[in-house]
Amino acid sequence: MTDVTTMPGRPAARRAHDDDTTGSGTRHLVHCPPSWENCLLDAPGLGEEHFMLTGELPVRHPLFNDGPGLFHDLQTVTESVREIGEFVGHRYFGVPVNRTGLFHGFALTLTDLAAWRVVPGRRPRLSTEIRATPVNVVNGVPRGLDFRLLARVDGAPCATGSAGLVFLMPKLYGNLRAHNRRAVRETPELDERPVGPVHAADPAEVGRAGAANVVVARPDQDSRERLSTWVLTRGVGPVFAAAEHRSPGDERLPGLHLLESLRQSSLLAAGRARGLTAERCVLASLDVRFRGEAEAALPLRCLAEAGPVGRDAHGRPSVPVTVTLTQCRRTVAEARTVVVQDF
Amino acid sequence: MRFRILGPLEIAGAPDAAVGPGAAGAPGAGGGAPRAPKLRAVLGTLLVRANEVVSVDGLIDELWPDSPPRTATSTLHVYVSHLRKLLRAADADHGSTTLLTRSPGYLLAARTDEIDATVFTELHEQATVALEEARYARAVELEQRATRLWRGPLLSDTPHGLLLESAATRLGEARLAAVEQRILAELHLGRGAALVSELQALTTEHPLREEFHAQLMLALCRSGQQAEALRVYAQVRHTLVDELGIEPGPRLRRLHRQVLDGDEALLPPGRTTLVEHTPEQGTAAPAAPGEPTAPVPVSLLPAPDPDFTGRADQLAQVEHLLLTAPAGGWVAVLGLPGSGTSAVAALAARRVANAFPHGTVYLDLRPSHGPELGPVEAAAALLRRAGAAPPREPVEELQLLLARRRMLLVLDHAATEEQIRPLLPTTPGSTALVTGRLAPTGPAGMLPVVLGALTRAEARELLAPRTTDNDGADGSDAPTDPTADDDACATDDTRSSDDARATDELTRLCGGLPLALRAVAARLAARPELTRAALAARLRDERSRLALLRVGDLDVRARLHGAYARLDAVEQDGFRLLGLLPRGRFGVGAAAAVLGREPVEASVLAEALVGRHLLAPVGADAYAQHELLRLLARQLLAERDAGPAVRAATARMCTWYAEEAEEAARLPGASVFTPDGPPRRVELVYALRAAHEAGLWRLTVRLADALSTPLERDGAWDDWATAHGLALDAARRAGDRGAQARMLRSMGELAWYQRDLNRAEACYRQAAGLTDDPSEGARILVGQAELLLDTGAVDEAHAVLTPARALLADTAPDRAHFELHRALALTALERGAPQAARAAFATCARVAATLRDPRLESYARRRLRGADDPLDAVEVRPGLWRLRTAPGPARTPAPDGHLLAGAGSDR
C-alpha cells in the first residue's frame, strides 16, 4: 500500500510558479455539495461527495517533465488524488485525523491521448472530477473511501479512473508496520538479492532524460520472455522522497517511487520484448493493486511480462504489460498496464 | 396392495395409497415382485385378467406355450403357493385373500385403483368422454395422468405367452390412443408449436399412423411452417404407397388440401394469417381438421409483432385486470401516441384468450381506410365477427350475445367515451380491452393501464442488433495468434460499452418512446455503416430530430401531430405555448405564465392535455411534456405563431422564472428542490437561454443575476460559463455597463475557481473599467487581491484591498462587505497575523448573519475555528480549498553510490 501526503505546515508567501520545481503547484480543490445542509451543519457526508481539483499541468516538474517532452505525464492525476485522498476523508467524511490513509488500488485509463500532447509555450489546466464514496461505515465513520475520477485537460475529458483508500487506526497501522518489518527480518531464507552488480537502465529506455529519475535497473530476460529487474532505491532524485514529505528515518518506499517504477518497467518491457520506442510511448492505462508496503532498505524485485502487440482504438501499437513487485518473495504490488506508442 | 404392470412388474403394500406416479409409498425398483420369471408370468397373467378366473390350462399355456412339462400342474401349484406367501408378506391384512382358488383355476381379487393398468383404462375412458363433451382442458389433464402411469411396455421384465402378448398389444394401442387424444385436445385448445417436436418423434416411431401425421401437419401450420406440413404429407404418402401400396386416408388428403388453400379453419380464432408462431397465445378451440365447424368468432387481431419487446410489467397488469375484472369492468391501455398501446393490447388479448372460451373479437374503431365507426356500426361489425347476423338493433343484440357468452372484445383506437360505451359488456363473463384517446380518469368501470417510456433495459433490447456482427469474421483478418483473441475481446468490450452508452443516449433523445426507438432501429438497420454514436450525434440537434425519426411508414412526427390535430383550437394554442417551457417538469405557475392565463385556467387546460396524453402529470400540480412532443410544439410554434406573440410568451415565462429565482435567492441556504420550491438551476439556465435567444436582454441579465448564487454554490461551472457569458453579451447589447461589470467580475471568479489565472485577471481588469458601483468595485478589487495572494504578493494584495475598504465605508452591509473581510482575513493569515484574521472572519460571520446567508456564515465560523491551521490547505472561499504542495526533506544520494539498498551496484 502507499500512503498519502499529510500536508504539514510550511512557510507561506512562496511564488506559485516556484511550486513547479518540487510538486504539482498550487491547486484548487472545490467541494460541490449535493446538498448544502451538511456544510451548514459542518456534518460529515454520508453518501457520495463531489469534488473538482484544478490546477495547471506542470511544465518544470523534476520527474513529470523529465523525458522526451511529447506528452504530459499521466501520473500528475494519480499524484493529485494521492495527495488529497486523506484530506478529503478527514475533512468531509469525519475520519479522525489520527487515522492513516493507505491507497490499496489505483486505476487510470487515458481516453484521449491528443489532450495530453505537450504544446510548446502553452500550459494547460488539469481539472480532475472526483466522486468520493464512503465504504465500510462504522458508527458513521467510513473505514475507507472509493474514488471515481474523470480528468480533463483544458476542459476536454481525457482520462478516467478509480482509486481505493483505506483508513487505519493508529494502533492497527503500527501493528501492521511492525509485522511487516518482523516478517522481513525473521525470514532471511526468503531474502532475494541480485547476483552481481546492478546497473541503472538507460534513461531513454524508460522515457526519462535524467539519470537520477531512473528507478529500475537494467533487466534480465528469462526463458519465458519475462523481464526481471530491480527497483533502484538509492541514488535516485529527491523528487520521490519530496513528494511524500518523508522524514529521514522513514523506511518505507514512497508511493511515487513505486508508481514510477511500474511505469518505467512497463516501458522497458514493451520496448525490449515488443520493440516499442519508449520516447514515443505513454502509459495509456494503469491498474495497480498494492498488497503491502515496500521497505526502502531491502531490494525490491520487479517482474514485467509484455503481452502481444495490439492496436488501440485509433490504430496505435499497444502492448499490455503485467508487472509484479516483490520484496523477500512477498508481493508488494501487482499492476496491469498498457503502453501505447504514438504515431 | 398395489400392482404395477405398465412397465416392469412391481408390488407394494400400503393398500391405502393410490396407484400412480409419485404416490406415497411407491415401491422401489422391482418392489416386492417375485424374481423368478415364471412366478412373474403367473402373477402378471392373473393381474392382466384381475377379478376374472384364469384356468389352470390357460396359465400352463401361458407359462409353457410350446411343450408344457409333465409336472406342469404341480409346478403351477408350487408357483401359486409361492405367490400367496409373497402377497401375504407384502400385505399381512389382505394378502391371504388376494389370490383365490376358483374352479377351474385361480382368481386375483383387486380393486380398480390397485392395478395401474385399470387406473389407466379408467382415466382414458374419462378423457374420451371429456373430449366428446368438448372439455378439452379436462381431457388433456386426464390423458396426461393416464399416460404418466406408463413406465415401459406391459410387464417388460416378464416372459409373455399368448395371453400377455395380446394384453400388451391391447394396452399399447390404448396408450397410443391416449396420446392421440391428448394431442387432439391440446390442438383444440389452440396449441401448435409446442407439440411439433413431440409429434415428430411420434411420427418417426409410428410412420404408418396417419392420425399423428395429421396432427403434426396441423401443429406445423399453426407454427407458420406450412411448407414443412406439406413435406410431412408427402413423406407419409410416400411411406404408405411404398409400404402398403395405398394412398393416405380421406382425412389426411382433406387436410393436405386445406394447407394448400391456406384455409384459416386450420388456425385458432384470432389468427388471420398462417404465420402465427405463439402457441400459448391461442384462443378458443378451432375445428379439428375434417370435423364440422361451429360458428367461431373471427378475431382479426393484428398479427403479432415479432419485434415487440419489453412491457412485461404492463402486460402482466393488463392480463391480471382482464382475468379479474368485475361485471361491468373493462381495461383500457392508454398512453402517448406511439407508446405501443395497440401492440400491448393485442398481445395481452392473445395471452388471456383461453380464459374466454367463446372467443376474442377485435375491432379497429378507426380503420385505416374509412371513417371512425359509430357505436351502431361497431356493434354490427362485432356481431358479424362473432358469427351472428347483425339484426336491426345491433347494440342490443351485442349485449345479449355478450350476456350469453364469455367473450373478450378488443376495441382499438377508441376516440371518445360515447363511441365505446354501448359496446362495453355489462354482464359477468365477458369484458373489453380498449385502446385510444381516453382520459385515464375516464368512464365508469375503466381499469386503466398507462404506458410510459420504455426502461433503459427495454430500449436496449429493442435496439439490440438483429444480426450478428461480422467484423473480423473474414478469415484474412482473423488473428492467428491465439493470445490476440484477448485483445479482440477487449476491443469488442470497448465497442459494446460505447454502443451501450450510445444506445442509452438514443433512448434519452427519443424520450423512451417505442415508436421513435423503432424508427431509430429501422434507420440503423437500413444503414449498417451508421454507428449508434453517429446517429445520436445527429439526433442531438433538436431542429432535425423529428425529421430523422421518419423511416418509411414509421413517422413519429406524423403520429404525434395526429394527436395534436384532434385537439380543439384552445388546446392546440396551449400545447404549442407549453413547448416554450424548459424540458422536464413544470408547475402550474410556469404554465400559467407562458400561457398568459390565470393559474386555474392553466390547470384546466393542462388537465385537458393530460386527458389527451399530450402532457404527463408528475405531481399534484406539476406536469411534464414528452421531449418529442416538446419539439413538435416548438416546431408548430415556429410555423404558425407570430414572432411577437412567441416573444411575449417567452418574456412572460422568463419573468416568472426570474421572480421565482429572486424569491429563492432570499433564502440562499436552500438548495433542495421540491415540486413547489424554487425552480431548478437547469430550468433557470434554460430560461436565460430562451431570453437571450428572444433578444430579451434585460431579462437575460436579470436571470443571470438570480443564478449567481446557485451557480457558485453548486460548482456548476459549465452552466456558469454559459449563463454569464450570454448575460454579458446581453448587457453589452443593452448598453448596461453595470451589468457588464457584474458579469465580467462573475466570470473572473469562475476563472479563479478553475485556476485560469490569466483569464481571471483579464475579466477583473475589464470589469473595473466599467463599474461605478461601490459594492461591485470592491468585489472586483477583492478578486484582484486574491490573484495577488495566490502568487505570494501579500503586501500588494493588502494594498489593493485598501481602496476597497474605502469604497464600502459608507454602505450598508452586503455581499461585498463579506468578500472584503474574507480577503482581509486571508491576507492577515498570509502575513502571519492570525489575530487580525480572526477579527476579519468574525466580521464576515456578522455580515453573513445580517444577509441571512447560512452558507457564508457557516464558512466564516469554520474559518474562525481554523485560523491557526497550516496554510498549505486553506478554505479560501466556501467549499474552495487552495492547496499548496510543500517540498519534503530532500533525499540525498547514498554516499556509497549504491543504487539498491542491501546490494552492491553501480549506476
# chains A, B, ... in the order shown; residues from 1 in each chain; ligands from 1

$ select_by_dssp --residues "segment 123-319 of chain A" --states "helix (DSSP H, G or I)" --output "PDB file with N, CA and C atoms, in the first residue's frame"
ATOM      1  N   PRO A 170      -4.468   4.196  14.395  1.00  0.00           N
ATOM      2  CA  PRO A 170      -3.024   4.294  14.660  1.00  0.00           C
ATOM      3  C   PRO A 170      -2.420   2.997  15.154  1.00  0.00           C
ATOM      4  N   LYS A 171      -3.103   2.342  16.077  1.00  0.00           N
ATOM      5  CA  LYS A 171      -2.524   1.127  16.646  1.00  0.00           C
ATOM      6  C   LYS A 171      -2.442   0.034  15.588  1.00  0.00           C
ATOM      7  N   LEU A 172      -3.517  -0.055  14.817  1.00  0.00           N
ATOM      8  CA  LEU A 172      -3.562  -1.069  13.783  1.00  0.00           C
ATOM      9  C   LEU A 172      -2.462  -0.829  12.757  1.00  0.00           C
ATOM     10  N   TYR A 173      -2.287   0.438  12.395  1.00  0.00           N
ATOM     11  CA  TYR A 173      -1.265   0.757  11.415  1.00  0.00           C
ATOM     12  C   TYR A 173       0.123   0.450  11.986  1.00  0.00           C
ATOM     13  N   GLY A 174       0.301   0.777  13.267  1.00  0.00           N
ATOM     14  CA  GLY A 174       1.582   0.484  13.921  1.00  0.00           C
ATOM     15  C   GLY A 174       1.856  -1.013  13.916  1.00  0.00           C
ATOM     16  N   ASN A 175       0.849  -1.786  14.251  1.00  0.00           N
ATOM     17  CA  ASN A 175       0.997  -3.240  14.252  1.00  0.00           C
ATOM     18  C   ASN A 175       1.341  -3.759  12.865  1.00  0.00           C
ATOM     19  N   LEU A 176       0.685  -3.168  11.891  1.00  0.00           N
ATOM     20  CA  LEU A 176       0.913  -3.594  10.513  1.00  0.00           C
ATOM     21  C   LEU A 176       2.362  -3.342  10.112  1.00  0.00           C
ATOM     22  N   ARG A 177       2.839  -2.173  10.460  1.00  0.00           N
ATOM     23  CA  ARG A 177       4.210  -1.831  10.119  1.00  0.00           C
ATOM     24  C   ARG A 177       5.186  -2.777  10.851  1.00  0.00           C
ATOM     25  N   ALA A 178       4.915  -2.986  12.145  1.00  0.00           N
ATOM     26  CA  ALA A 178       5.793  -3.852  12.935  1.00  0.00           C
ATOM     27  C   ALA A 178       5.783  -5.270  12.382  1.00  0.00           C
ATOM     28  N   HIS A 179       4.627  -5.721  12.003  1.00  0.00           N
ATOM     29  CA  HIS A 179       4.507  -7.071  11.455  1.00  0.00           C
ATOM     30  C   HIS A 179       5.307  -7.185  10.171  1.00  0.00           C
ATOM     31  N   ASN A 180       5.192  -6.172   9.340  1.00  0.00           N
ATOM     32  CA  ASN A 180       5.935  -6.183   8.076  1.00  0.00           C
ATOM     33  C   ASN A 180       7.432  -6.292   8.337  1.00  0.00           C
ATOM     34  N   ARG A 181       7.896  -5.461   9.223  1.00  0.00           N
ATOM     35  CA  ARG A 181       9.341  -5.429   9.485  1.00  0.00           C
ATOM     36  C   ARG A 181       9.804  -6.762  10.080  1.00  0.00           C
ATOM     37  N   ARG A 182       8.990  -7.271  11.025  1.00  0.00           N
ATOM     38  CA  ARG A 182       9.367  -8.522  11.682  1.00  0.00           C
ATOM     39  C   ARG A 182       9.377  -9.668  10.664  1.00  0.00           C
ATOM     40  N   ALA A 183       8.350  -9.670   9.826  1.00  0.00           N
ATOM     41  CA  ALA A 183       8.243 -10.746   8.841  1.00  0.00           C
ATOM     42  C   ALA A 183       9.456 -10.751   7.928  1.00  0.00           C
ATOM     43  N   VAL A 184       9.900  -9.566   7.587  1.00  0.00           N
ATOM     44  CA  VAL A 184      11.052  -9.473   6.690  1.00  0.00           C
ATOM     45  C   VAL A 184      12.314  -9.921   7.404  1.00  0.00           C
ATOM     46  N   ARG A 185      12.461  -9.483   8.670  1.00  0.00           N
ATOM     47  CA  ARG A 185      13.674  -9.813   9.420  1.00  0.00           C
ATOM     48  C   ARG A 185      13.758 -11.300   9.738  1.00  0.00           C
ATOM     49  N   PRO A 188      14.909 -14.748   6.739  1.00  0.00           N
ATOM     50  CA  PRO A 188      16.052 -14.481   5.859  1.00  0.00           C
ATOM     51  C   PRO A 188      16.123 -15.450   4.689  1.00  0.00           C
ATOM     52  N   GLU A 189      15.508 -16.641   4.867  1.00  0.00           N
ATOM     53  CA  GLU A 189      15.561 -17.611   3.774  1.00  0.00           C
ATOM     54  C   GLU A 189      14.781 -17.104   2.564  1.00  0.00           C
ATOM     55  N   LEU A 190      13.877 -16.169   2.802  1.00  0.00           N
ATOM     56  CA  LEU A 190      13.100 -15.640   1.693  1.00  0.00           C
ATOM     57  C   LEU A 190      13.783 -14.443   1.047  1.00  0.00           C
ATOM     58  N   PRO A 203      18.212   5.816 -19.383  1.00  0.00           N
ATOM     59  CA  PRO A 203      17.039   6.707 -19.231  1.00  0.00           C
ATOM     60  C   PRO A 203      16.143   6.714 -20.457  1.00  0.00           C
ATOM     61  N   ALA A 204      16.710   6.652 -21.626  1.00  0.00           N
ATOM     62  CA  ALA A 204      15.892   6.701 -22.847  1.00  0.00           C
ATOM     63  C   ALA A 204      14.968   5.499 -22.940  1.00  0.00           C
ATOM     64  N   GLU A 205      15.381   4.390 -22.342  1.00  0.00           N
ATOM     65  CA  GLU A 205      14.556   3.182 -22.427  1.00  0.00           C
ATOM     66  C   GLU A 205      13.363   3.245 -21.488  1.00  0.00           C
ATOM     67  N   VAL A 206      13.395   4.149 -20.526  1.00  0.00           N
ATOM     68  CA  VAL A 206      12.284   4.245 -19.570  1.00  0.00           C
ATOM     69  C   VAL A 206      11.572   5.576 -19.699  1.00  0.00           C
ATOM     70  N   ALA A 211      19.386  10.789 -15.406  1.00  0.00           N
ATOM     71  CA  ALA A 211      19.746   9.508 -14.799  1.00  0.00           C
ATOM     72  C   ALA A 211      19.188   9.389 -13.386  1.00  0.00           C
ATOM     73  N   ALA A 212      19.055  10.529 -12.688  1.00  0.00           N
ATOM     74  CA  ALA A 212      18.572  10.476 -11.300  1.00  0.00           C
ATOM     75  C   ALA A 212      17.112  10.050 -11.214  1.00  0.00           C
ATOM     76  N   ASN A 213      16.414  10.154 -12.322  1.00  0.00           N
ATOM     77  CA  ASN A 213      14.999   9.759 -12.296  1.00  0.00           C
ATOM     78  C   ASN A 213      14.774   8.321 -12.723  1.00  0.00           C
ATOM     79  N   VAL A 239      13.053  14.000  -5.780  1.00  0.00           N
ATOM     80  CA  VAL A 239      11.613  14.218  -6.002  1.00  0.00           C
ATOM     81  C   VAL A 239      10.770  13.125  -5.367  1.00  0.00           C
ATOM     82  N   PHE A 240      11.297  11.904  -5.327  1.00  0.00           N
ATOM     83  CA  PHE A 240      10.477  10.806  -4.819  1.00  0.00           C
ATOM     84  C   PHE A 240      10.196  10.953  -3.330  1.00  0.00           C
ATOM     85  N   ALA A 241      11.225  11.289  -2.606  1.00  0.00           N
ATOM     86  CA  ALA A 241      11.011  11.496  -1.170  1.00  0.00           C
ATOM     87  C   ALA A 241      10.273  12.797  -0.925  1.00  0.00           C
ATOM     88  N   ALA A 242      10.572  13.814  -1.736  1.00  0.00           N
ATOM     89  CA  ALA A 242       9.956  15.125  -1.525  1.00  0.00           C
ATOM     90  C   ALA A 242       8.450  15.060  -1.689  1.00  0.00           C
ATOM     91  N   GLY A 255       5.246   6.223  -2.382  1.00  0.00           N
ATOM     92  CA  GLY A 255       4.267   5.792  -3.387  1.00  0.00           C
ATOM     93  C   GLY A 255       4.657   6.222  -4.782  1.00  0.00           C
ATOM     94  N   LEU A 256       5.145   7.454  -4.915  1.00  0.00           N
ATOM     95  CA  LEU A 256       5.530   7.937  -6.239  1.00  0.00           C
ATOM     96  C   LEU A 256       6.653   7.077  -6.815  1.00  0.00           C
ATOM     97  N   HIS A 257       7.529   6.644  -5.947  1.00  0.00           N
ATOM     98  CA  HIS A 257       8.648   5.790  -6.355  1.00  0.00           C
ATOM     99  C   HIS A 257       8.121   4.473  -6.931  1.00  0.00           C
ATOM    100  N   LEU A 258       7.149   3.907  -6.221  1.00  0.00           N
ATOM    101  CA  LEU A 258       6.569   2.641  -6.692  1.00  0.00           C
ATOM    102  C   LEU A 258       5.855   2.828  -8.023  1.00  0.00           C
ATOM    103  N   LEU A 259       5.041   3.875  -8.108  1.00  0.00           N
ATOM    104  CA  LEU A 259       4.284   4.098  -9.345  1.00  0.00           C
ATOM    105  C   LEU A 259       5.222   4.359 -10.523  1.00  0.00           C
ATOM    106  N   GLU A 260       6.276   5.120 -10.271  1.00  0.00           N
ATOM    107  CA  GLU A 260       7.222   5.408 -11.354  1.00  0.00           C
ATOM    108  C   GLU A 260       7.959   4.134 -11.774  1.00  0.00           C
ATOM    109  N   SER A 261       8.231   3.278 -10.807  1.00  0.00           N
ATOM    110  CA  SER A 261       8.899   2.027 -11.171  1.00  0.00           C
ATOM    111  C   SER A 261       7.977   1.159 -12.027  1.00  0.00           C
ATOM    112  N   LEU A 262       6.683   1.201 -11.750  1.00  0.00           N
ATOM    113  CA  LEU A 262       5.737   0.452 -12.584  1.00  0.00           C
ATOM    114  C   LEU A 262       5.716   1.021 -13.998  1.00  0.00           C
ATOM    115  N   ARG A 263       5.732   2.348 -14.079  1.00  0.00           N
ATOM    116  CA  ARG A 263       5.722   2.999 -15.392  1.00  0.00           C
ATOM    117  C   ARG A 263       6.987   2.641 -16.171  1.00  0.00           C
ATOM    118  N   GLN A 264       8.129   2.782 -15.506  1.00  0.00           N
ATOM    119  CA  GLN A 264       9.392   2.549 -16.205  1.00  0.00           C
ATOM    120  C   GLN A 264       9.549   1.089 -16.618  1.00  0.00           C
ATOM    121  N   SER A 265       9.173   0.174 -15.735  1.00  0.00           N
ATOM    122  CA  SER A 265       9.322  -1.242 -16.093  1.00  0.00           C
ATOM    123  C   SER A 265       8.364  -1.610 -17.221  1.00  0.00           C
ATOM    124  N   SER A 266       7.199  -0.962 -17.278  1.00  0.00           N
ATOM    125  CA  SER A 266       6.262  -1.227 -18.380  1.00  0.00           C
ATOM    126  C   SER A 266       6.860  -0.787 -19.700  1.00  0.00           C
ATOM    127  N   LEU A 267       7.429   0.410 -19.705  1.00  0.00           N
ATOM    128  CA  LEU A 267       8.044   0.904 -20.936  1.00  0.00           C
ATOM    129  C   LEU A 267       9.235   0.045 -21.340  1.00  0.00           C
ATOM    130  N   LEU A 268       9.973  -0.352 -20.337  1.00  0.00           N
ATOM    131  CA  LEU A 268      11.146  -1.185 -20.592  1.00  0.00           C
ATOM    132  C   LEU A 268      10.721  -2.518 -21.219  1.00  0.00           C
ATOM    133  N   ALA A 269       9.672  -3.125 -20.658  1.00  0.00           N
ATOM    134  CA  ALA A 269       9.204  -4.424 -21.163  1.00  0.00           C
ATOM    135  C   ALA A 269       8.631  -4.273 -22.566  1.00  0.00           C
ATOM    136  N   ALA A 270       7.849  -3.219 -22.775  1.00  0.00           N
ATOM    137  CA  ALA A 270       7.251  -3.022 -24.094  1.00  0.00           C
ATOM    138  C   ALA A 270       8.330  -2.767 -25.140  1.00  0.00           C
ATOM    139  N   GLY A 271       9.385  -2.108 -24.735  1.00  0.00           N
ATOM    140  CA  GLY A 271      10.465  -1.820 -25.670  1.00  0.00           C
ATOM    141  C   GLY A 271      11.317  -3.032 -25.943  1.00  0.00           C
ATOM    142  N   ARG A 272      11.739  -3.693 -24.879  1.00  0.00           N
ATOM    143  CA  ARG A 272      12.645  -4.839 -25.053  1.00  0.00           C
ATOM    144  C   ARG A 272      11.928  -6.032 -25.704  1.00  0.00           C
ATOM    145  N   ALA A 273      10.712  -6.299 -25.244  1.00  0.00           N
ATOM    146  CA  ALA A 273      10.031  -7.513 -25.711  1.00  0.00           C
ATOM    147  C   ALA A 273       9.255  -7.294 -27.003  1.00  0.00           C
ATOM    148  N   ARG A 274       8.758  -6.116 -27.225  1.00  0.00           N
ATOM    149  CA  ARG A 274       7.879  -5.912 -28.379  1.00  0.00           C
ATOM    150  C   ARG A 274       8.361  -4.816 -29.325  1.00  0.00           C
ATOM    151  N   ALA A 278      10.424   3.821 -26.536  1.00  0.00           N
ATOM    152  CA  ALA A 278       9.997   4.457 -25.280  1.00  0.00           C
ATOM    153  C   ALA A 278       9.786   5.956 -25.447  1.00  0.00           C
ATOM    154  N   GLU A 279      10.578   6.560 -26.314  1.00  0.00           N
ATOM    155  CA  GLU A 279      10.496   8.011 -26.480  1.00  0.00           C
ATOM    156  C   GLU A 279       9.105   8.452 -26.924  1.00  0.00           C
ATOM    157  N   ARG A 280       8.442   7.602 -27.702  1.00  0.00           N
ATOM    158  CA  ARG A 280       7.120   7.977 -28.224  1.00  0.00           C
ATOM    159  C   ARG A 280       5.996   7.259 -27.485  1.00  0.00           C
TER     160      ARG A 280
END

$ closest_atom_pairs --of "segment 148-263 of chain A" --to "segment 296-316 of chain A" --cutoff "8 Å" --atoms "only C-alpha atoms" --output "Markdown table"
| residue | atom | partner | partner_atom | distance |
| --- | --- | --- | --- | --- |
| A:Glu192 | CA | A:Pro299 | CA | 7.3 |
| A:Arg193 | CA | A:Pro299 | CA | 6.3 |
| A:Glu225 | CA | A:Glu305 | CA | 7.0 |
| A:Arg226 | CA | A:Glu305 | CA | 4.7 |
| A:Leu227 | CA | A:Ala304 | CA | 5.0 |
| A:Ser228 | CA | A:Leu303 | CA | 4.7 |
| A:Thr229 | CA | A:Cys302 | CA | 5.1 |
| A:Trp230 | CA | A:Arg301 | CA | 4.6 |
| A:Val231 | CA | A:Leu300 | CA | 5.4 |
| A:Leu232 | CA | A:Leu300 | CA | 7.8 |
| A:Thr233 | CA | A:Ala296 | CA | 6.3 |
| A:Glu251 | CA | A:Ala296 | CA | 5.3 |
| A:Arg252 | CA | A:Ala296 | CA | 5.2 |
| A:Leu253 | CA | A:Ala296 | CA | 4.7 |

$ write_last_selection --atoms "N, CA and C atoms" --output "compact mmCIF listing (two decimals), in the first residue's frame"
# COMPACT_ATOMS: atom_id res chain seq x y z
N GLU A 192 15.78 -12.14 -1.16
CA GLU A 192 16.24 -12.27 -2.54
C GLU A 192 17.03 -11.02 -2.89
N ARG A 193 18.17 -11.25 -3.45
CA ARG A 193 19.07 -10.17 -3.79
C ARG A 193 19.65 -10.42 -5.18
N GLU A 225 10.46 -15.02 -21.53
CA GLU A 225 10.39 -13.67 -22.08
C GLU A 225 9.94 -12.65 -21.05
N ARG A 226 10.03 -13.04 -19.80
CA ARG A 226 9.71 -12.05 -18.75
C ARG A 226 10.95 -11.23 -18.47
N LEU A 227 10.72 -9.99 -18.18
CA LEU A 227 11.81 -9.11 -17.82
C LEU A 227 11.94 -9.11 -16.30
N SER A 228 13.13 -9.33 -15.84
CA SER A 228 13.35 -9.30 -14.40
C SER A 228 14.31 -8.16 -14.09
N THR A 229 13.90 -7.32 -13.21
CA THR A 229 14.76 -6.19 -12.88
C THR A 229 14.60 -5.84 -11.40
N TRP A 230 15.28 -4.79 -11.00
CA TRP A 230 15.23 -4.37 -9.60
C TRP A 230 14.85 -2.91 -9.54
N VAL A 231 14.10 -2.55 -8.51
CA VAL A 231 13.75 -1.15 -8.31
C VAL A 231 14.89 -0.49 -7.56
N LEU A 232 15.43 0.58 -8.14
CA LEU A 232 16.55 1.27 -7.51
C LEU A 232 16.04 2.12 -6.36
N THR A 233 16.69 1.99 -5.23
CA THR A 233 16.22 2.72 -4.06
C THR A 233 17.23 3.74 -3.55
N GLU A 251 11.35 4.37 6.68
CA GLU A 251 11.90 3.23 5.97
C GLU A 251 11.05 2.78 4.79
N ARG A 252 9.91 3.43 4.60
CA ARG A 252 9.02 2.98 3.53
C ARG A 252 9.43 3.59 2.20
N LEU A 253 9.20 2.82 1.17
CA LEU A 253 9.48 3.34 -0.16
C LEU A 253 8.29 4.21 -0.57

$ residues_around --residues "Asp568 of chain B" --least-positions-apart "4" --cutoff "12 Å" --atoms "only C-alpha atoms" --output "ChimeraX atom specification"
/B:563-564,572-575,605,608-609,612

$ select_by_dssp --residues "segment 77-125 of chain A" --states "strand (DSSP E)" --output "ChimeraX atom specification"
/A:100-110,125

$ residues_around --residues "Arg4 of chain B" --least-positions-apart "2" --cutoff "6 Å" --atoms "only C-alpha atoms" --output "PDB file with N, CA and C atoms, in the first residue's frame"
ATOM      1  N   LEU B   6     -47.626 -51.712 -15.903  1.00  0.00           N
ATOM      2  CA  LEU B   6     -47.331 -50.892 -17.091  1.00  0.00           C
ATOM      3  C   LEU B   6     -45.843 -50.559 -17.082  1.00  0.00           C
ATOM      4  N   LEU B   9     -42.788 -55.391 -13.581  1.00  0.00           N
ATOM      5  CA  LEU B   9     -43.757 -55.741 -12.541  1.00  0.00           C
ATOM      6  C   LEU B   9     -43.295 -55.236 -11.186  1.00  0.00           C
ATOM      7  N   GLU B  10     -44.210 -54.591 -10.483  1.00  0.00           N
ATOM      8  CA  GLU B  10     -43.896 -54.099  -9.145  1.00  0.00           C
ATOM      9  C   GLU B  10     -45.079 -54.356  -8.240  1.00  0.00           C
ATOM     10  N   ILE B 115     -54.466 -51.595  -9.385  1.00  0.00           N
ATOM     11  CA  ILE B 115     -53.664 -52.018 -10.540  1.00  0.00           C
ATOM     12  C   ILE B 115     -53.539 -50.819 -11.492  1.00  0.00           C
ATOM     13  N   ASP B 116     -52.320 -50.490 -11.842  1.00  0.00           N
ATOM     14  CA  ASP B 116     -52.139 -49.286 -12.653  1.00  0.00           C
ATOM     15  C   ASP B 116     -52.807 -49.412 -14.021  1.00  0.00           C
TER      16      ASP B 116
END

$ residues_around --residues "Pro153 of chain B" --least-positions-apart "6" --cutoff "8 Å" --atoms "only C-alpha atoms" --output "PyMOL selection string"
chain B and resi 6-8+168+172

$ write_last_selection --atoms "all heavy atoms" --output "compact mmCIF listing (two decimals), in the first residue's frame"
# COMPACT_ATOMS: atom_id res chain seq x y z
N LEU B 6 -47.63 -51.71 -15.90
CA LEU B 6 -47.33 -50.89 -17.09
C LEU B 6 -45.84 -50.56 -17.08
O LEU B 6 -45.42 -49.45 -16.79
CB LEU B 6 -48.18 -49.61 -17.08
CG LEU B 6 -49.68 -49.85 -17.11
CD1 LEU B 6 -50.45 -48.51 -17.08
CD2 LEU B 6 -50.10 -50.62 -18.35
N GLY B 7 -45.06 -51.56 -17.38
CA GLY B 7 -43.62 -51.49 -17.26
C GLY B 7 -43.17 -52.74 -16.54
O GLY B 7 -43.88 -53.76 -16.56
N PRO B 8 -42.02 -52.74 -15.87
CA PRO B 8 -41.63 -53.90 -15.07
C PRO B 8 -42.64 -54.15 -13.96
O PRO B 8 -43.25 -53.20 -13.45
CB PRO B 8 -40.27 -53.50 -14.50
CG PRO B 8 -39.82 -52.35 -15.35
CD PRO B 8 -41.03 -51.68 -15.85
N ALA B 168 -50.69 -57.00 -23.96
CA ALA B 168 -49.70 -55.95 -24.21
C ALA B 168 -50.06 -55.14 -25.45
O ALA B 168 -49.96 -53.91 -25.48
CB ALA B 168 -48.31 -56.56 -24.35
N GLY B 172 -51.05 -51.32 -25.28
CA GLY B 172 -50.16 -50.44 -26.04
C GLY B 172 -50.95 -49.57 -27.00
O GLY B 172 -50.67 -48.37 -27.16

$ residues_around --residues "Ala622 of chain B" --least-positions-apart "5" --cutoff "7 Å" --atoms "only C-alpha atoms" --output "list in words"
Arg585, Phe586, Gly587, Val588 and Pro617 of chain B

$ residues_around --residues "Arg148 of chain A" --least-positions-apart "6" --cutoff "7 Å" --atoms "only C-alpha atoms" --output "number ranges by chain"
A: 130-132, 161-163
